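**Student:** The structure's right below; bear with me while I get my questions together.
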Amino acid sequence: MPERRTVALVTLGCARNEVDSEELAGRLAADGWELVEEAADADVAVVNTCGFVEAAKKDSVDALLEANDLKDHGKTQAVVAVGCMAERYGKELAEALPEADGVLGFDDYADISDRLRTILSGGVHASHTPRDRRKLLPISPADRQGVDVALPGHAQAPAPQDVPADLPEGLAPASGPRAPLRRRLHTSPVASVKLASGCDRRCSFCAIPSFRGSFVSRRPSDVLGETRWLAEQGVKEIMLVSENNTSYGKDLGDIRLLETLLPELAAVDGIERVRVSYLQPAEMRPGLIDALTSTEKVAPYFDLSFQHSAPGVLRAMRRFGDTERFLELLETIRGKAPQAGVRSNFIVGFPGEEEEDFAELERFLTEARLDAIGVFGYSDEEGTEAAGYERKLDQHVVDARLAHLSRLAEELTAQRAEERLGETLHVLVESVDGEDGAVGRAAHQAPETDGQVVFTSAVGLAPGRMVEAKVVGTEGVDLMADVVSDCREEAGR
């Protein structure tokens with residue numbers, strides 16, 4: 001019997017990439033590969049790259065080079081690039097980085113096992129040739145369902161007759177031929193679930209639609225089926241991810257489909273919290289706000305992509321809104337759920353951004369009381385409309401505005417955390433460590449991007465437990481809290 005080949009998946013970038021990695025892991029496990037955590041222990045290291053901004057691209061290249069170093073003094077025999085950077089640059093990346101033994105695009109995911117075996121045996125698989133993936137699907141959203149186009153993490157399972165009858169334990173799908181094969185790569189009580197793929201928006205600074213493609217919703221039954229499977233694996237919180245969750249259902253004939261789906265997801269046995277990320281302010285509607293603020297077990301959490309608040313800058317970004325409209329939206333949300341969490345990202349130094357535009361953004365942030373703020377300095381992204389704009393700001397101006405707004409954001413989010421002193425929150429325990437104590441997250445805190453709750457005592461706590469805790473202190477955006485009660489015990493009374 002031939003020795004089982006081992007593979008490690010190294011994931012960079014966003015939660016969507018994490019889902020894609022678990023789909024690749026599922027496909028490989030179903031075909032007999034042994035999954036290992038460390039690249040040094042694997043025959044093949046697969047690096048799931050990010051291609052969004054320059055810093056992320058550099059991290060991806062560094063990860064590929066680090067994995068390549070293992071070939072000199074470790075078990076690793078091959079390093080393969082997948083993910084957004086591989087999809088976006090393909091052959092160009094392969095030529096610039098000969099240390100990568102393969103550069104695979106999204107179209108290769110369905111045959112990932114064969115691709116890796118070819119590379120591992122010394123063969124050569126032609127590097128991916130990039131193309132505008134928006135052109136692969138019909139212009140009309142209603143015509144996109146069922147089109148045979150690779151959409152990572154999105155109902156890309158093989159035909160039922162091609163799925164092994166005896167899938168390894170812990171491998172999805174437990175039911176339903178449309179759900180993607182998926183294998184969890186960690187034991188966290190939190191997991192992301194893809195709601196859709198791609199994006200139809202044409203923000204002038206963003207290249208994502210060109211390599212992720214047009215917007216395609218997953219069917220509610222697939223999302224539900226995968227959530228049930230994750231709950232069986234011990235997941236307590238699911239986070240719905242896509243490039244734009246507010247558009248969910250538009251290609252299925254119902255733009256309000258998310259409002260219908262949320263209560264069904266929250267009712268899945270074992271799920272304690274449902275979180276929705278990636279919301280577009282211009283597409284927020286009263287029914288969705290109601291669903292997010294009043295549905296039991298759905299976090300009143302608003303990950304709103306504001307990007308700026310000066311109307312002139314927003315128009316140049318091909319976006320909509322202004323300071324007053326954004327503040328009205330926040331007032332509406334907090335009128336329904338005073339404890340609601342709100343986070344957003346902002347770009348400073350956009351071409352043509354005047355001093356008064358920057359001051360307007362400062363005004364918005366000062367009045368918005370956001371829980372988490374990400375600030376990025378503008379840089380040209382090839383293939384975007386903004387890269388061709390005139391009136392580019394000098395780099396020292398961009399850097400100065402970035403530093404100034406970052407300091408302000410740090411102060412404002414710390415102040416917002418202090419406003420929560422005395423609040424009682426439902427907190428999902430995520431980790432318990434003998435040295436570091438217990439850490440969790442409340443409804444207003446998403447994984448990785450926001451703050452966390454540090455418990456004053458870890459006694460009786462375990463990962464996956466949902467507890468009621470009172471905020472007794474703050475440290476920046478992080479909260480210190482005393483456990484008041486176990487939510488399950490409270491529910492059983």
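Labeling convention for the structure tokens: chains A, B, ... as they appear, residues from 1 per chain, ligands from 1 in order of appearance.
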Skipping near chain neighbours, those fewer than 6 positions away, what residues fall within 8 Å of Leu288 (chain A) using only C-alpha atoms, listed as a list in words?

**Tutor:**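 These residues fall inside the cut-off: Arg256, Leu258 and Glu259 of chain A.
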
**Student:** Skipping near chain neighbours, those fewer than 4 positions away, what residues fall within 12 Å of Pro220 (chain A) using only C-alpha atoms, listed as an mmCIF file with N, CA, C and O atoms, in the first residue's frame?

**Tutor:**
data_model
loop_
_atom_site.group_PDB
_atom_site.id
_atom_site.type_symbol
_atom_site.label_atom_id
_atom_site.label_comp_id
_atom_site.auth_asym_id
_atom_site.auth_seq_id
_atom_site.Cartn_x
_atom_site.Cartn_y
_atom_site.Cartn_z
ATOM 1 N N HIS A 154 -18.203 27.567 -2.747
ATOM 2 C CA HIS A 154 -19.562 27.905 -3.157
ATOM 3 C C HIS A 154 -20.159 26.761 -3.963
ATOM 4 O O HIS A 154 -20.118 26.753 -5.195
ATOM 5 N N ALA A 155 -20.694 25.766 -3.262
ATOM 6 C CA ALA A 155 -21.402 24.652 -3.901
ATOM 7 C C ALA A 155 -20.592 24.040 -5.029
ATOM 8 O O ALA A 155 -21.113 23.763 -6.100
ATOM 9 N N ARG A 178 -24.974 19.373 -3.111
ATOM 10 C CA ARG A 178 -24.514 20.681 -3.567
ATOM 11 C C ARG A 178 -23.543 21.343 -2.588
ATOM 12 O O ARG A 178 -22.840 22.269 -2.952
ATOM 13 N N ALA A 179 -23.530 20.883 -1.345
ATOM 14 C CA ALA A 179 -22.630 21.492 -0.366
ATOM 15 C C ALA A 179 -21.187 21.145 -0.697
ATOM 16 O O ALA A 179 -20.890 20.039 -1.112
ATOM 17 N N VAL A 193 -19.112 30.930 7.149
ATOM 18 C CA VAL A 193 -19.913 30.255 6.122
ATOM 19 C C VAL A 193 -20.107 31.233 4.974
ATOM 20 O O VAL A 193 -20.537 32.364 5.195
ATOM 21 N N LYS A 194 -19.785 30.795 3.775
ATOM 22 C CA LYS A 194 -19.954 31.677 2.619
ATOM 23 C C LYS A 194 -21.419 31.798 2.252
ATOM 24 O O LYS A 194 -22.111 30.807 2.068
ATOM 25 N N LEU A 195 -21.853 33.050 2.155
ATOM 26 C CA LEU A 195 -23.222 33.332 1.748
ATOM 27 C C LEU A 195 -23.293 33.543 0.244
ATOM 28 O O LEU A 195 -24.322 33.264 -0.389
ATOM 29 N N ALA A 196 -22.228 34.038 -0.340
ATOM 30 C CA ALA A 196 -22.192 34.325 -1.771
ATOM 31 C C ALA A 196 -20.740 34.458 -2.207
ATOM 32 O O ALA A 196 -19.820 34.476 -1.382
ATOM 33 N N LEU A 224 -27.813 26.415 4.983
ATOM 34 C CA LEU A 224 -28.367 25.742 6.157
ATOM 35 C C LEU A 224 -27.708 24.386 6.385
ATOM 36 O O LEU A 224 -27.366 24.033 7.523
ATOM 37 N N GLY A 225 -27.533 23.634 5.308
ATOM 38 C CA GLY A 225 -26.917 22.317 5.433
ATOM 39 C C GLY A 225 -25.503 22.393 5.969
ATOM 40 O O GLY A 225 -25.101 21.609 6.839
ATOM 41 N N GLU A 226 -24.744 23.356 5.495
ATOM 42 C CA GLU A 226 -23.374 23.500 5.966
ATOM 43 C C GLU A 226 -23.344 23.970 7.421
ATOM 44 O O GLU A 226 -22.497 23.536 8.211
ATOM 45 N N THR A 227 -24.279 24.830 7.785
ATOM 46 C CA THR A 227 -24.351 25.294 9.177
ATOM 47 C C THR A 227 -24.680 24.139 10.114
ATOM 48 O O THR A 227 -24.104 24.021 11.205
ATOM 49 N N TYR A 248 -27.389 39.618 -0.986
ATOM 50 C CA TYR A 248 -27.768 38.208 -1.002
ATOM 51 C C TYR A 248 -29.205 38.014 -1.471
ATOM 52 O O TYR A 248 -30.123 38.688 -0.998
ATOM 53 N N GLY A 249 -29.384 37.095 -2.388
ATOM 54 C CA GLY A 249 -30.712 36.737 -2.868
ATOM 55 C C GLY A 249 -31.145 37.441 -4.130
ATOM 56 O O GLY A 249 -32.139 37.051 -4.748
ATOM 57 N N LEU A 252 -31.479 35.191 -6.862
ATOM 58 C CA LEU A 252 -32.421 34.103 -6.579
ATOM 59 C C LEU A 252 -33.864 34.606 -6.592
ATOM 60 O O LEU A 252 -34.786 33.872 -6.238
ATOM 61 N N ASP A 254 -35.097 37.200 -4.792
ATOM 62 C CA ASP A 254 -35.610 37.780 -3.550
ATOM 63 C C ASP A 254 -34.480 38.503 -2.823
ATOM 64 O O ASP A 254 -33.672 37.887 -2.138
ATOM 65 N N LEU A 257 -33.979 37.872 0.961
ATOM 66 C CA LEU A 257 -33.812 36.476 1.358
ATOM 67 C C LEU A 257 -33.017 36.332 2.655
ATOM 68 O O LEU A 257 -33.246 35.402 3.434
ATOM 69 N N LEU A 258 -32.096 37.245 2.906
ATOM 70 C CA LEU A 258 -31.300 37.162 4.135
ATOM 71 C C LEU A 258 -32.176 37.306 5.368
ATOM 72 O O LEU A 258 -31.963 36.614 6.375
ATOM 73 N N GLU A 259 -33.175 38.183 5.288
ATOM 74 C CA GLU A 259 -34.083 38.370 6.419
ATOM 75 C C GLU A 259 -34.847 37.088 6.742
ATOM 76 O O GLU A 259 -35.175 36.805 7.897
ATOM 77 N N THR A 260 -35.117 36.284 5.721
ATOM 78 C CA THR A 260 -35.812 35.005 5.914
ATOM 79 C C THR A 260 -34.865 33.935 6.427
ATOM 80 O O THR A 260 -35.234 33.093 7.257
ATOM 81 N N LEU A 261 -33.628 33.965 5.930
ATOM 82 C CA LEU A 261 -32.655 32.922 6.265
ATOM 83 C C LEU A 261 -32.138 33.035 7.698
ATOM 84 O O LEU A 261 -31.893 32.011 8.353
ATOM 85 N N LEU A 262 -31.970 34.251 8.198
ATOM 86 C CA LEU A 262 -31.361 34.431 9.518
ATOM 87 C C LEU A 262 -32.069 33.671 10.638
ATOM 88 O O LEU A 262 -31.411 32.986 11.431
ATOM 89 N N PRO A 263 -33.400 33.758 10.747
ATOM 90 C CA PRO A 263 -34.057 32.996 11.823
ATOM 91 C C PRO A 263 -33.863 31.490 11.677
ATOM 92 O O PRO A 263 -33.767 30.772 12.694
ATOM 93 N N GLU A 264 -33.797 30.999 10.455
ATOM 94 C CA GLU A 264 -33.597 29.557 10.240
ATOM 95 C C GLU A 264 -32.201 29.137 10.684
ATOM 96 O O GLU A 264 -32.022 28.077 11.293
ATOM 97 N N LEU A 265 -31.202 29.957 10.388
ATOM 98 C CA LEU A 265 -29.843 29.649 10.828
ATOM 99 C C LEU A 265 -29.743 29.699 12.349
ATOM 100 O O LEU A 265 -29.098 28.854 12.976
#

**Student:** Rank nothing, just name the residue among A:Asp322, A:Asp433, A:Glu18, A:Glu390 nearest to Asp357 (chain A), using only C-alpha atoms.

**Tutor:**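 So, comparing all the options, the nearest one is A:Asp322.
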
**Student:** Would you list, as a PyMOL selection string, the residues of region 119-260 of chain A that end up in helix (DSSP H, G or I) under DSSP run on this structure's backbone?

**Tutor:** chain A and resi 119-120+133-136+141-143+160-162+208-212+220-232+245-247+250-252+257-260

**Student:** Pull the closest atom pair for each residue of region 435-456 of chain A that gets at most 8 Å from region 327-347 of chain A, along with the distance in Å to one decimal, counting only C-alpha atoms, ordering rows by chain and then ascending residue number, as JSON lines.

**Tutor:**
{"residue": "A:Ala443", "atom": "CA", "partner": "A:Gly341", "partner_atom": "CA", "distance": 7.1}
{"residue": "A:His444", "atom": "CA", "partner": "A:Gly341", "partner_atom": "CA", "distance": 4.0}
{"residue": "A:Gln445", "atom": "CA", "partner": "A:Gly341", "partner_atom": "CA", "distance": 7.1}
{"residue": "A:Asp450", "atom": "CA", "partner": "A:Arg343", "partner_atom": "CA", "distance": 7.9}

**Student:** Only N, CA, C and O atoms, please: the residues just picked out, written as a PDB file, in the first residue's frame.

**Tutor:**
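Written output follows (again-v3.pdb):
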ATOM      1  N   ALA A 443     -21.187  40.107  21.391  1.00  0.00           N
ATOM      2  CA  ALA A 443     -21.886  40.219  20.106  1.00  0.00           C
ATOM      3  C   ALA A 443     -21.313  41.324  19.236  1.00  0.00           C
ATOM      4  O   ALA A 443     -21.369  41.247  18.008  1.00  0.00           O
ATOM      5  N   HIS A 444     -20.721  42.360  19.844  1.00  0.00           N
ATOM      6  CA  HIS A 444     -20.210  43.478  19.047  1.00  0.00           C
ATOM      7  C   HIS A 444     -18.766  43.278  18.597  1.00  0.00           C
ATOM      8  O   HIS A 444     -18.162  44.194  18.023  1.00  0.00           O
ATOM      9  N   GLN A 445     -18.223  42.078  18.803  1.00  0.00           N
ATOM     10  CA  GLN A 445     -16.825  41.820  18.477  1.00  0.00           C
ATOM     11  C   GLN A 445     -16.695  40.619  17.539  1.00  0.00           C
ATOM     12  O   GLN A 445     -16.979  39.496  17.923  1.00  0.00           O
ATOM     13  N   ASP A 450     -11.875  42.813  15.557  1.00  0.00           N
ATOM     14  CA  ASP A 450     -12.331  43.692  16.627  1.00  0.00           C
ATOM     15  C   ASP A 450     -11.631  43.345  17.938  1.00  0.00           C
ATOM     16  O   ASP A 450     -10.716  42.525  17.969  1.00  0.00           O
TER      17      ASP A 450
END

**Student:** One decimal, in Å: what's the spacing between CA of Asp107 (chain A) and CA of Cys14 (chain A)?

**Tutor:**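 These two atoms are separated by 20.0 Å.
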
**Student:** Would you mind telling me which residue in A:Pro447, A:Gly234, A:Pro141, A:Gly32 lies nearest to Arg184 (chain A) when using only C-alpha atoms?

**Tutor:**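 Of A:Pro447, A:Gly234, A:Pro141, A:Gly32, the one nearest Arg184 (chain A) is A:Gly234, counting only C-alpha atoms.
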
**Student:** Hey, which of A:Val216, A:Ala25, A:Ala442, A:Val397 ends up closest to Asp251 (chain A)? Count only C-alpha atoms.

**Tutor:** A:Val216

**Student:** Would you mind listing what lies within 9 Å of Val439 (chain A) as a list of chain:residue names, with only C-alpha atoms counted and same-chain residues fewer than 6 positions away left out?

**Tutor:**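 Near Val439 (chain A), the qualifying residues are A:Leu428, A:Val429, A:Glu430, A:Ser431, A:Val432, A:Asp433, A:Gln452, A:Val453, A:Val454, A:Phe455, A:Ala458, A:Pro463.
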
**Student:** With distances taken over only C-alpha atoms, which of A:Lys392, A:Lys57, A:Arg88, A:Arg369 is nearest to Pro351 (chain A)?

**Tutor:**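 Closest to Pro351 (chain A), using only C-alpha atoms: A:Lys392.
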
**Student:** Find the residue from A:Asp380, A:Glu243, A:Glu360, A:Asp148 that sits nearest to Leu314 (chain A); use only C-alpha atoms when measuring.

**Tutor:**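 The answer is A:Glu360, which sits nearest to Leu314 (chain A).
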
**Student:** Interatomic distance between CA of Thr293 (chain A) and CA of Arg275 (chain A)?

**Tutor:**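 CA of Arg275 (chain A) lies 11.2 Å from CA of Thr293 (chain A).
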
**Student:** At what distance in Å, to one decimal, does CA of Thr6 (chain A) lie from CA of Val36 (chain A)?

**Tutor:**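 Going from CA of Val36 (chain A) over to CA of Thr6 (chain A), I get 6.6 Å.
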
**Student:** Could you name the residues that touch Leu24 (chain A) at 12 Å or less, counting only C-alpha atoms, but leaving out those on the same chain fewer than 3 positions away, as a ChimeraX atom specification?

**Tutor:** /A:7-11,17-21,27-31,33,35,46-48,82-83,106,108-113,115-116,152-154,156-157,171-172,180-185

**Student:** Could you save those same residues with N, CA and C atoms as a compact mmCIF listing (two decimals), in the first residue's frame?

**Tutor:**
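Result written to selection.txt:
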# COMPACT_ATOMS: atom_id res chain seq x y z
N VAL A 7 -0.16 17.03 3.41
CA VAL A 7 -0.32 18.38 2.89
C VAL A 7 -0.67 19.32 4.03
N ALA A 8 -0.12 20.52 3.98
CA ALA A 8 -0.46 21.57 4.94
C ALA A 8 -0.99 22.77 4.18
N LEU A 9 -2.02 23.39 4.72
CA LEU A 9 -2.59 24.59 4.11
C LEU A 9 -2.26 25.80 4.96
N VAL A 10 -1.60 26.77 4.36
CA VAL A 10 -1.23 28.02 5.03
C VAL A 10 -2.15 29.10 4.48
N THR A 11 -2.98 29.69 5.34
CA THR A 11 -4.01 30.62 4.87
C THR A 11 -3.69 32.05 5.27
N ASN A 17 -11.09 33.46 2.52
CA ASN A 17 -9.98 32.57 2.20
C ASN A 17 -9.94 31.37 3.14
N GLU A 18 -10.31 31.59 4.39
CA GLU A 18 -10.33 30.48 5.35
C GLU A 18 -11.34 29.41 4.92
N VAL A 19 -12.50 29.86 4.43
CA VAL A 19 -13.49 28.91 3.93
C VAL A 19 -12.94 28.16 2.73
N ASP A 20 -12.28 28.89 1.82
CA ASP A 20 -11.71 28.25 0.64
C ASP A 20 -10.68 27.19 1.03
N SER A 21 -9.85 27.50 2.03
CA SER A 21 -8.85 26.53 2.48
C SER A 21 -9.50 25.27 3.02
N ARG A 27 -11.52 18.43 -0.05
CA ARG A 27 -11.28 17.70 -1.30
C ARG A 27 -10.05 16.79 -1.17
N LEU A 28 -9.00 17.31 -0.55
CA LEU A 28 -7.79 16.51 -0.41
C LEU A 28 -7.99 15.34 0.55
N ALA A 29 -8.69 15.58 1.66
CA ALA A 29 -8.95 14.49 2.61
C ALA A 29 -9.80 13.41 1.96
N ALA A 30 -10.77 13.80 1.14
CA ALA A 30 -11.63 12.83 0.48
C ALA A 30 -10.85 11.98 -0.51
N ASP A 31 -9.74 12.50 -0.99
CA ASP A 31 -8.93 11.76 -1.96
C ASP A 31 -7.72 11.09 -1.32
N TRP A 33 -5.45 12.27 1.07
CA TRP A 33 -4.32 13.01 1.61
C TRP A 33 -4.44 13.13 3.13
N LEU A 35 -3.86 15.50 6.22
CA LEU A 35 -3.70 16.92 6.52
C LEU A 35 -2.88 17.09 7.78
N VAL A 46 0.65 24.16 0.72
CA VAL A 46 -0.23 24.93 -0.14
C VAL A 46 -0.49 26.27 0.54
N VAL A 47 -0.07 27.36 -0.07
CA VAL A 47 -0.22 28.69 0.50
C VAL A 47 -1.40 29.38 -0.19
N ASN A 48 -2.44 29.62 0.59
CA ASN A 48 -3.64 30.31 0.08
C ASN A 48 -3.40 31.80 0.22
N VAL A 82 -1.99 29.12 -4.20
CA VAL A 82 -3.38 29.18 -4.63
C VAL A 82 -3.95 30.50 -4.11
N GLY A 83 -5.25 30.73 -4.25
CA GLY A 83 -5.87 31.91 -3.68
C GLY A 83 -5.87 33.11 -4.60
N PHE A 106 -8.46 29.39 -9.45
CA PHE A 106 -9.71 28.83 -8.92
C PHE A 106 -10.21 27.65 -9.76
N ASP A 108 -8.60 25.33 -10.90
CA ASP A 108 -7.87 24.12 -10.54
C ASP A 108 -8.38 23.49 -9.24
N TYR A 109 -9.23 24.20 -8.50
CA TYR A 109 -9.62 23.70 -7.17
C TYR A 109 -10.34 22.35 -7.23
N ALA A 110 -11.19 22.17 -8.23
CA ALA A 110 -11.94 20.91 -8.32
C ALA A 110 -11.02 19.72 -8.53
N ASP A 111 -9.83 19.96 -9.09
CA ASP A 111 -8.87 18.89 -9.36
C ASP A 111 -7.60 19.07 -8.54
N ILE A 112 -7.73 19.66 -7.36
CA ILE A 112 -6.57 20.01 -6.56
C ILE A 112 -5.70 18.80 -6.24
N SER A 113 -6.32 17.64 -5.98
CA SER A 113 -5.54 16.45 -5.64
C SER A 113 -4.66 16.03 -6.80
N ARG A 115 -3.62 17.88 -9.25
CA ARG A 115 -2.61 18.91 -9.49
C ARG A 115 -1.42 18.72 -8.54
N LEU A 116 -1.71 18.48 -7.28
CA LEU A 116 -0.62 18.33 -6.31
C LEU A 116 0.18 17.06 -6.56
N PRO A 152 -14.99 29.24 -5.66
CA PRO A 152 -14.44 28.61 -4.45
C PRO A 152 -15.34 28.78 -3.23
N GLY A 153 -15.49 27.68 -2.48
CA GLY A 153 -16.29 27.72 -1.28
C GLY A 153 -17.76 27.89 -1.54
N HIS A 154 -18.20 27.57 -2.75
CA HIS A 154 -19.56 27.90 -3.16
C HIS A 154 -20.16 26.76 -3.96
N GLN A 156 -19.30 23.82 -4.77
CA GLN A 156 -18.45 23.29 -5.82
C GLN A 156 -18.16 21.80 -5.61
N ALA A 157 -19.13 21.07 -5.11
CA ALA A 157 -18.90 19.65 -4.87
C ALA A 157 -18.89 18.89 -6.18
N LEU A 171 -15.68 15.11 7.72
CA LEU A 171 -15.63 15.72 6.40
C LEU A 171 -17.04 15.95 5.88
N ALA A 172 -17.35 17.19 5.48
CA ALA A 172 -18.64 17.51 4.89
C ALA A 172 -18.60 17.10 3.42
N PRO A 180 -20.26 22.09 -0.55
CA PRO A 180 -18.86 21.78 -0.86
C PRO A 180 -18.26 20.82 0.15
N LEU A 181 -17.35 19.97 -0.31
CA LEU A 181 -16.58 19.18 0.63
C LEU A 181 -15.81 20.15 1.51
N ARG A 182 -15.79 19.88 2.81
CA ARG A 182 -15.13 20.81 3.72
C ARG A 182 -14.58 20.04 4.90
N ARG A 183 -13.37 20.38 5.31
CA ARG A 183 -12.75 19.80 6.49
C ARG A 183 -12.24 20.96 7.35
N ARG A 184 -12.64 21.00 8.60
CA ARG A 184 -12.19 22.06 9.49
C ARG A 184 -10.70 21.93 9.75
N LEU A 185 -10.03 23.09 9.77
CA LEU A 185 -8.59 23.10 9.96
C LEU A 185 -8.19 23.53 11.37

**Student:** Go through region 264-418 of chain A and collect every residue that DSSP, computed from the backbone, puts in strand (DSSP E or B); the answer should be as JSON, numbers by chain.

**Tutor:** {"A": [273, 274, 275, 276, 279, 298, 301, 302, 303, 304, 307, 341, 342, 343, 344, 345, 346, 347, 348, 372, 373, 374, 375, 376, 377]}
